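Containing mmCIF, C-alpha atoms: my_file.cif.
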data_model
loop_
_atom_site.group_PDB
_atom_site.id
_atom_site.type_symbol
_atom_site.label_atom_id
_atom_site.label_comp_id
_atom_site.auth_asym_id
_atom_site.auth_seq_id
_atom_site.Cartn_x
_atom_site.Cartn_y
_atom_site.Cartn_z
ATOM 1 C CA MET A 1 -2.632 -2.831 -42.331
ATOM 2 C CA GLU A 2 0.634 -4.467 -41.350
ATOM 3 C CA SER A 3 1.074 -5.402 -37.709
ATOM 4 C CA LEU A 4 3.482 -3.494 -35.516
ATOM 5 C CA PRO A 5 6.759 -5.085 -34.429
ATOM 6 C CA PRO A 6 7.129 -5.944 -30.750
ATOM 7 C CA ALA A 7 8.069 -2.975 -28.567
ATOM 8 C CA SER A 8 11.492 -4.459 -27.954
ATOM 9 C CA GLN A 9 12.208 -4.330 -31.696
ATOM 10 C CA ARG A 10 11.136 -0.723 -32.238
ATOM 11 C CA LEU A 11 13.711 2.020 -32.317
ATOM 12 C CA ASN A 12 12.254 5.340 -31.220
ATOM 13 C CA PHE A 13 13.518 8.015 -33.556
ATOM 14 C CA ARG A 14 14.780 10.830 -31.311
ATOM 15 C CA TRP A 15 15.616 13.388 -33.942
ATOM 16 C CA LEU A 16 17.707 15.722 -31.831
ATOM 17 C CA ARG A 17 19.797 12.881 -30.439
ATOM 18 C CA ASP A 18 20.472 11.675 -33.958
ATOM 19 C CA ILE A 19 21.366 15.197 -35.076
ATOM 20 C CA LEU A 20 23.908 15.530 -32.281
ATOM 21 C CA CYS A 21 25.354 12.020 -32.435
ATOM 22 C CA SER A 22 23.897 10.164 -35.389
ATOM 23 C CA SER A 23 24.652 6.547 -36.050
ATOM 24 C CA VAL A 24 23.563 5.485 -39.493
ATOM 25 C CA ASP A 25 23.468 1.836 -38.483
ATOM 26 C CA ARG A 26 20.999 2.591 -35.684
ATOM 27 C CA ALA A 27 18.791 4.615 -38.000
ATOM 28 C CA VAL A 28 18.036 1.904 -40.552
ATOM 29 C CA GLN A 29 14.573 1.286 -39.098
ATOM 30 C CA TYR A 30 12.849 3.740 -36.811
ATOM 31 C CA SER A 31 9.721 4.884 -35.064
ATOM 32 C CA VAL A 32 5.992 4.493 -35.231
ATOM 33 C CA TYR A 33 3.441 7.241 -35.501
ATOM 34 C CA SER A 34 -0.294 7.161 -34.960
ATOM 35 C CA THR A 35 -3.160 8.876 -36.745
ATOM 36 C CA GLU A 36 -6.902 8.697 -36.459
ATOM 37 C CA VAL A 37 -6.935 6.053 -39.213
ATOM 38 C CA GLY A 38 -4.758 3.680 -37.206
ATOM 39 C CA GLU A 39 -1.149 2.864 -36.455
ATOM 40 C CA LEU A 40 1.217 3.202 -39.387
ATOM 41 C CA THR A 41 4.855 2.175 -39.484
ATOM 42 C CA ARG A 42 7.332 4.040 -41.638
ATOM 43 C CA GLY A 43 10.901 2.863 -42.067
ATOM 44 C CA SER A 44 13.845 4.818 -43.363
ATOM 45 C CA THR A 45 17.400 4.202 -44.415
ATOM 46 C CA GLY A 46 20.245 6.032 -42.757
ATOM 47 C CA SER A 47 20.781 8.148 -45.867
ATOM 48 C CA SER A 48 17.221 9.510 -45.808
ATOM 49 C CA LEU A 49 17.599 10.244 -42.095
ATOM 50 C CA LEU A 50 20.632 12.368 -42.901
ATOM 51 C CA SER A 51 18.669 14.016 -45.710
ATOM 52 C CA TYR A 52 16.022 14.955 -43.159
ATOM 53 C CA VAL A 53 18.677 16.333 -40.811
ATOM 54 C CA GLN A 54 19.820 18.556 -43.677
ATOM 55 C CA LEU A 55 16.233 19.793 -44.098
ATOM 56 C CA LEU A 56 16.312 20.984 -40.464
ATOM 57 C CA ASP A 57 19.599 22.854 -40.837
ATOM 58 C CA SER A 58 19.253 26.539 -39.968
ATOM 59 C CA ALA A 59 21.845 27.259 -42.680
ATOM 60 C CA LEU A 60 19.492 25.984 -45.395
ATOM 61 C CA PRO A 61 19.290 28.920 -47.869
ATOM 62 C CA ILE A 62 15.541 29.511 -47.870
ATOM 63 C CA GLY A 63 15.555 32.955 -46.239
ATOM 64 C CA GLY A 64 14.831 32.113 -42.602
ATOM 65 C CA PHE A 65 17.608 34.457 -41.477
ATOM 66 C CA SER A 66 15.647 37.395 -42.945
ATOM 67 C CA HIS A 67 12.529 36.928 -40.807
ATOM 68 C CA SER A 68 11.819 37.437 -37.111
ATOM 69 C CA PHE A 69 8.033 36.977 -37.561
ATOM 70 C CA GLY A 70 7.239 39.819 -35.152
ATOM 71 C CA LEU A 71 9.987 39.322 -32.560
ATOM 72 C CA GLU A 72 11.825 42.445 -33.717
ATOM 73 C CA THR A 73 8.841 44.598 -32.742
ATOM 74 C CA PHE A 74 8.697 43.022 -29.269
ATOM 75 C CA VAL A 75 12.389 43.805 -28.758
ATOM 76 C CA GLN A 76 12.182 47.385 -30.036
ATOM 77 C CA GLN A 77 9.160 48.069 -27.818
ATOM 78 C CA ASN A 78 11.083 46.676 -24.816
ATOM 79 C CA ARG A 79 8.551 43.892 -24.340
ATOM 80 C CA VAL A 80 11.270 41.250 -24.719
ATOM 81 C CA THR A 81 14.525 42.452 -23.183
ATOM 82 C CA ASN A 82 16.109 39.435 -21.483
ATOM 83 C CA ILE A 83 16.338 35.676 -21.826
ATOM 84 C CA GLN A 84 13.510 35.036 -19.346
ATOM 85 C CA GLN A 85 11.103 37.156 -21.383
ATOM 86 C CA LEU A 86 12.366 35.576 -24.604
ATOM 87 C CA GLU A 87 11.684 32.130 -23.163
ATOM 88 C CA GLN A 88 8.107 33.090 -22.285
ATOM 89 C CA TYR A 89 7.649 34.565 -25.757
ATOM 90 C CA ILE A 90 8.804 31.330 -27.411
ATOM 91 C CA ILE A 91 6.642 29.164 -25.145
ATOM 92 C CA GLY A 92 3.632 31.295 -26.082
ATOM 93 C CA GLN A 93 4.349 30.888 -29.772
ATOM 94 C CA ILE A 94 4.755 27.125 -29.495
ATOM 95 C CA HIS A 95 1.618 26.707 -27.371
ATOM 96 C CA ALA A 96 -0.845 29.052 -29.070
ATOM 97 C CA SER A 97 0.323 29.008 -32.653
ATOM 98 C CA LEU A 98 2.965 26.628 -33.992
ATOM 99 C CA VAL A 99 1.726 23.354 -32.498
ATOM 100 C CA ARG A 100 -1.955 23.981 -33.101
ATOM 101 C CA LEU A 101 -1.714 25.467 -36.573
ATOM 102 C CA GLU A 102 1.362 24.208 -38.395
ATOM 103 C CA GLY A 103 1.578 21.004 -36.337
ATOM 104 C CA LEU A 104 -1.974 19.870 -37.039
ATOM 105 C CA ALA A 105 -1.661 21.045 -40.647
ATOM 106 C CA ILE A 106 1.336 18.752 -41.142
ATOM 107 C CA LYS A 107 -0.740 15.911 -39.712
ATOM 108 C CA GLY A 108 -3.534 16.664 -42.170
ATOM 109 C CA ILE A 109 -1.103 16.829 -45.070
ATOM 110 C CA PHE A 110 0.374 13.436 -44.149
ATOM 111 C CA LEU A 111 -3.105 11.901 -44.133
ATOM 112 C CA ALA A 112 -3.964 13.562 -47.443
ATOM 113 C CA MET A 113 -0.750 12.280 -49.016
ATOM 114 C CA GLU A 114 -1.533 8.765 -47.827
ATOM 115 C CA GLU A 115 -4.636 9.024 -50.037
ATOM 116 C CA ASP A 116 -2.856 10.946 -52.817
ATOM 117 C CA ASP A 117 -5.329 13.806 -52.283
ATOM 118 C CA LEU A 118 -3.677 16.951 -53.644
ATOM 119 C CA TRP A 119 -6.849 18.990 -53.144
ATOM 120 C CA ARG A 120 -6.706 18.440 -49.376
ATOM 121 C CA VAL A 121 -2.972 19.180 -49.295
ATOM 122 C CA CYS A 122 -3.694 22.524 -50.939
ATOM 123 C CA LEU A 123 -6.642 23.147 -48.619
ATOM 124 C CA PHE A 124 -4.349 22.954 -45.581
ATOM 125 C CA ASP A 125 -1.898 25.188 -47.415
ATOM 126 C CA LYS A 126 -4.574 27.855 -47.896
ATOM 127 C CA ILE A 127 -5.739 27.581 -44.279
ATOM 128 C CA ILE A 128 -2.199 28.166 -43.028
ATOM 129 C CA HIS A 129 -1.904 31.183 -45.312
ATOM 130 C CA VAL A 130 -5.100 32.905 -44.179
ATOM 131 C CA GLN A 131 -4.560 32.067 -40.494
ATOM 132 C CA ARG A 132 -1.417 34.192 -40.519
ATOM 133 C CA THR A 133 -3.043 37.613 -40.102
ATOM 134 C CA PRO A 134 0.057 39.855 -40.466
ATOM 135 C CA ARG A 135 0.899 40.424 -44.124
ATOM 136 C CA GLU A 136 4.653 40.144 -43.613
ATOM 137 C CA SER A 137 4.279 36.799 -41.842
ATOM 138 C CA ARG A 138 2.059 35.412 -44.619
ATOM 139 C CA GLU A 139 4.481 36.544 -47.282
ATOM 140 C CA GLY A 140 7.453 35.237 -45.283
ATOM 141 C CA LEU A 141 6.073 31.703 -45.023
ATOM 142 C CA GLN A 142 5.182 31.724 -48.708
ATOM 143 C CA LYS A 143 8.584 33.007 -49.849
ATOM 144 C CA MET A 144 10.423 30.465 -47.694
ATOM 145 C CA GLY A 145 8.193 27.688 -49.017
ATOM 146 C CA LYS A 146 8.832 28.677 -52.620
ATOM 147 C CA ARG A 147 12.568 28.779 -52.017
ATOM 148 C CA LEU A 148 12.477 25.348 -50.412
ATOM 149 C CA ILE A 149 10.617 23.979 -53.438
ATOM 150 C CA LYS A 150 13.264 25.431 -55.744
ATOM 151 C CA LEU A 151 16.095 24.075 -53.609
ATOM 152 C CA GLY A 152 14.303 20.765 -53.107
ATOM 153 C CA HIS A 153 14.310 19.984 -56.818
ATOM 154 C CA THR A 154 18.082 19.554 -56.506
ATOM 155 C CA LEU A 155 18.434 18.274 -52.936
ATOM 156 C CA TYR A 156 15.422 15.939 -52.882
ATOM 157 C CA PRO A 157 14.671 14.679 -56.414
ATOM 158 C CA GLU A 158 12.869 11.687 -54.863
ATOM 159 C CA ALA A 159 10.293 14.060 -53.325
ATOM 160 C CA ASP A 160 8.644 14.724 -56.718
ATOM 161 C CA LEU A 161 8.096 18.421 -55.960
ATOM 162 C CA ARG A 162 6.873 18.943 -59.534
ATOM 163 C CA LYS A 163 3.701 17.148 -58.506
ATOM 164 C CA LEU A 164 3.243 19.506 -55.559
ATOM 165 C CA GLU A 165 3.785 22.506 -57.826
ATOM 166 C CA ARG A 166 1.157 21.239 -60.261
ATOM 167 C CA GLY A 167 -1.289 20.721 -57.404
ATOM 168 C CA LEU A 168 -0.690 24.217 -56.033
ATOM 169 C CA GLU A 169 -1.282 25.711 -59.463
ATOM 170 C CA LEU A 170 -4.393 23.621 -60.085
ATOM 171 C CA HIS A 171 -6.016 24.231 -56.698
ATOM 172 C CA GLY A 172 -4.846 27.775 -56.015
ATOM 173 C CA GLY A 173 -2.369 26.998 -53.233
ATOM 174 C CA TYR A 174 0.419 29.243 -51.964
ATOM 175 C CA GLY A 175 3.234 26.826 -51.218
ATOM 176 C CA THR A 176 3.735 27.812 -47.587
ATOM 177 C CA LEU A 177 6.788 26.506 -45.749
ATOM 178 C CA PRO A 178 4.937 23.996 -43.484
ATOM 179 C CA VAL A 179 3.348 22.346 -46.505
ATOM 180 C CA VAL A 180 6.627 21.947 -48.376
ATOM 181 C CA HIS A 181 8.307 20.662 -45.206
ATOM 182 C CA ALA A 182 5.526 18.117 -44.724
ATOM 183 C CA TRP A 183 5.674 17.026 -48.376
ATOM 184 C CA ILE A 184 9.428 16.413 -48.334
ATOM 185 C CA SER A 185 9.276 14.717 -44.926
ATOM 186 C CA PHE A 186 6.575 12.320 -46.115
ATOM 187 C CA LYS A 187 8.568 11.469 -49.222
ATOM 188 C CA LEU A 188 11.636 10.810 -47.064
ATOM 189 C CA ARG A 189 9.500 8.423 -44.978
ATOM 190 C CA VAL A 190 9.902 10.480 -41.823
ATOM 191 C CA PRO A 191 7.307 9.537 -39.169
ATOM 192 C CA LEU A 192 4.543 12.063 -38.581
ATOM 193 C CA ASP A 193 5.511 12.946 -35.010
ATOM 194 C CA GLU A 194 9.105 13.571 -35.997
ATOM 195 C CA ALA A 195 8.087 15.619 -39.058
ATOM 196 C CA VAL A 196 6.033 17.881 -36.795
ATOM 197 C CA LYS A 197 8.728 18.139 -34.136
ATOM 198 C CA GLY A 198 11.332 18.756 -36.800
ATOM 199 C CA TYR A 199 9.329 21.681 -38.168
ATOM 200 C CA LEU A 200 8.823 23.050 -34.653
ATOM 201 C CA TYR A 201 12.559 22.735 -34.076
ATOM 202 C CA THR A 202 13.336 24.810 -37.170
ATOM 203 C CA SER A 203 10.832 27.456 -36.022
ATOM 204 C CA LEU A 204 12.458 27.458 -32.588
ATOM 205 C CA THR A 205 15.959 27.937 -33.989
ATOM 206 C CA THR A 206 14.694 30.741 -36.246
ATOM 207 C CA MET A 207 13.350 32.607 -33.206
ATOM 208 C CA VAL A 208 16.526 32.074 -31.182
ATOM 209 C CA ASN A 209 18.809 33.051 -34.067
ATOM 210 C CA SER A 210 16.764 36.215 -34.563
ATOM 211 C CA ALA A 211 17.088 36.998 -30.859
ATOM 212 C CA LEU A 212 20.868 36.591 -31.060
ATOM 213 C CA ARG A 213 20.943 39.464 -33.550
ATOM 214 C CA LEU A 214 18.418 41.623 -31.726
ATOM 215 C CA MET A 215 19.395 41.224 -28.075
ATOM 216 C CA SER A 216 22.387 40.950 -25.800
ATOM 217 C CA LEU A 217 22.355 37.179 -25.879
ATOM 218 C CA GLY A 218 25.280 34.784 -26.143
ATOM 219 C CA GLN A 219 25.524 31.709 -28.331
ATOM 220 C CA THR A 220 25.745 29.408 -25.312
ATOM 221 C CA GLU A 221 22.669 30.985 -23.728
ATOM 222 C CA GLY A 222 20.832 30.518 -27.005
ATOM 223 C CA GLN A 223 21.714 26.837 -27.210
ATOM 224 C CA LEU A 224 20.702 26.251 -23.591
ATOM 225 C CA LEU A 225 17.376 27.934 -24.335
ATOM 226 C CA ILE A 226 16.845 25.681 -27.351
ATOM 227 C CA ARG A 227 17.600 22.666 -25.178
ATOM 228 C CA ARG A 228 14.961 23.705 -22.608
ATOM 229 C CA MET A 229 12.396 24.307 -25.330
ATOM 230 C CA LEU A 230 12.758 20.775 -26.713
ATOM 231 C CA THR A 231 10.814 19.479 -23.722
ATOM 232 C CA VAL A 232 8.139 22.117 -24.325
ATOM 233 C CA ILE A 233 7.817 20.997 -27.946
ATOM 234 C CA ASP A 234 7.375 17.378 -26.864
ATOM 235 C CA GLN A 235 4.773 18.258 -24.227
ATOM 236 C CA GLN A 236 2.787 20.659 -26.385
ATOM 237 C CA TRP A 237 2.619 18.306 -29.369
ATOM 238 C CA ASP A 238 1.533 15.453 -27.129
ATOM 239 C CA THR A 239 -1.456 17.521 -25.972
ATOM 240 C CA VAL A 240 -2.841 18.008 -29.498
ATOM 241 C CA ARG A 241 -1.451 15.185 -31.662
ATOM 242 C CA LYS A 242 -4.654 13.103 -31.432
ATOM 243 C CA LEU A 243 -6.951 15.971 -32.424
ATOM 244 C CA PRO A 244 -8.470 15.893 -35.910
ATOM 245 C CA ALA A 245 -6.314 17.891 -38.297
ATOM 246 C CA GLU A 246 -9.375 19.946 -39.251
ATOM 247 C CA GLN A 247 -9.302 21.539 -35.786
ATOM 248 C CA LEU A 248 -6.093 23.429 -36.576
ATOM 249 C CA HIS A 249 -6.085 27.000 -35.314
ATOM 250 C CA ALA A 250 -3.951 29.767 -33.854
ATOM 251 C CA PHE A 251 -4.835 32.463 -31.326
ATOM 252 C CA THR A 252 -2.096 35.034 -30.753
ATOM 253 C CA PRO A 253 -3.759 38.480 -31.022
ATOM 254 C CA ALA A 254 -1.019 40.374 -29.156
ATOM 255 C CA HIS A 255 1.669 38.831 -31.320
ATOM 256 C CA ASP A 256 -0.304 39.485 -34.494
ATOM 257 C CA ILE A 257 -0.629 43.177 -33.598
ATOM 258 C CA ARG A 258 3.114 43.506 -32.976
ATOM 259 C CA ALA A 259 3.848 41.661 -36.227
ATOM 260 C CA MET A 260 1.574 44.092 -38.085
ATOM 261 C CA GLN A 261 3.391 47.020 -36.474
ATOM 262 C CA HIS A 262 6.730 45.711 -37.710
ATOM 263 C CA GLU A 263 6.436 47.315 -41.137
ATOM 264 C CA THR A 264 6.110 50.764 -39.517
ATOM 265 C CA LEU A 265 9.243 50.521 -37.341
ATOM 266 C CA TYR A 266 11.760 53.306 -37.891
ATOM 267 C CA SER A 267 14.610 50.865 -38.463
ATOM 268 C CA ARG A 268 14.457 47.132 -39.163
ATOM 269 C CA LEU A 269 16.890 44.250 -39.411
ATOM 270 C CA PHE A 270 14.288 41.771 -40.634
ATOM 271 C CA MET A 271 11.656 41.531 -43.340
ATOM 272 C CA SER A 272 8.995 40.462 -40.825
#

Written as structure tokens, that's how I'd like the structure from this file.
Amino acid sequence: MESLPPASQRLNFRWLRDILCSSVDRAVQYSVYSTEVGELTRGSTGSSLLSYVQLLDSALPIGGFSHSFGLETFVQQNRVTNIQQLEQYIIGQIHASLVRLEGLAIKGIFLAMEEDDLWRVCLFDKIIHVQRTPRESREGLQKMGKRLIKLGHTLYPEADLRKLERGLELHGGYGTLPVVHAWISFKLRVPLDEAVKGYLYTSLTTMVNSALRLMSLGQTEGQLLIRRMLTVIDQQWDTVRKLPAEQLHAFTPAHDIRAMQHETLYSRLFMS
């Protein structure tokens, strides 16, 4: 295991800062992440950093705009009617679901990929799939993952997504979005913490963008909400990042019920 550089020589990769005002020269070497097997350093060139920024773009054509993952039901039932209630809804999703399920799954996938263990990668993929109780949510994550694989063949040839596809076929995986995100991030040499936070950021923007179409909410209000939630993402991931990946779980019964009710709504803007 190579030794870590002195703290003064480390550049902490703050992904949102680099999205807003990236400097390729600053991004040549960045960040350190820790796992239960020890401290690992991962470096990246500026070009791969920009490739990762593209992966986080809400305009990426993988179908995220078609899914609210249950939020539409909350709005139609007048359970989320203003920005304060929307903020509490998002915090609940980050705390009880996204960080503890997808976040820890991405950690497990990184560790499995370090050992070239496709069986374990697919195991986490199947756990994510079955943990999503509502059918529409399960299918949504799978469809978005499949679209990202298809798009990734062109955008990220260095990610060797053919190998992931072969593993999914061999081990009966589903190709859920978190797994494909983790796979590409690892191949781009993105540090674990930033891969998790990047995925959480895309989930956050999906929820806010859905709310913009469902509620009386302005673009500026939406961006301010995203900014406040960045601190929540940092805090929530810090509380679980040292847990074994095998302890991944989600517990959102009220949300799951509303997400199941979505398919029976009289009118719908979203597929989930």

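Take the candidates A:Ser185, A:Gln88, A:Gln93, A:Asn78 and check each one against Gln54 in chain A using all atoms listed in the file; the shortest distance goes to A:Ser185.
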
Name the residues captured by the PyMOL selection byres ((chain A and resi 163) around 12) when it is applied to the shown file; answer as number ranges by chain.
A: 113, 116-119, 121-122, 149, 153, 157-162, 164-170, 180, 183-184, 187

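With CA of Val232 in chain A on one side and CA of His95 in chain A on the other, the separation reads 8.5 Å.
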
The PyMOL selection byres ((chain A and resi 145) around 7) - which residues does that actually catch in the file I just gave you? List them as a ChimeraX atom specification.
/A:141-144,146-149,175-177,180

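Across the structure, CA of Asp256 in chain A and CA of Pro134 in chain A are spaced 6.0 Å apart.
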
Name all residues at most 9 Å from Ser66 in chain A (count all atoms listed in the file; drop same-chain ones fewer than 2 positions away) and give them as a list in words.
Gly63, Gly64, Ser68, Gly140, Ser210, Leu269, Phe270, Met271 and Ser272 of chain A
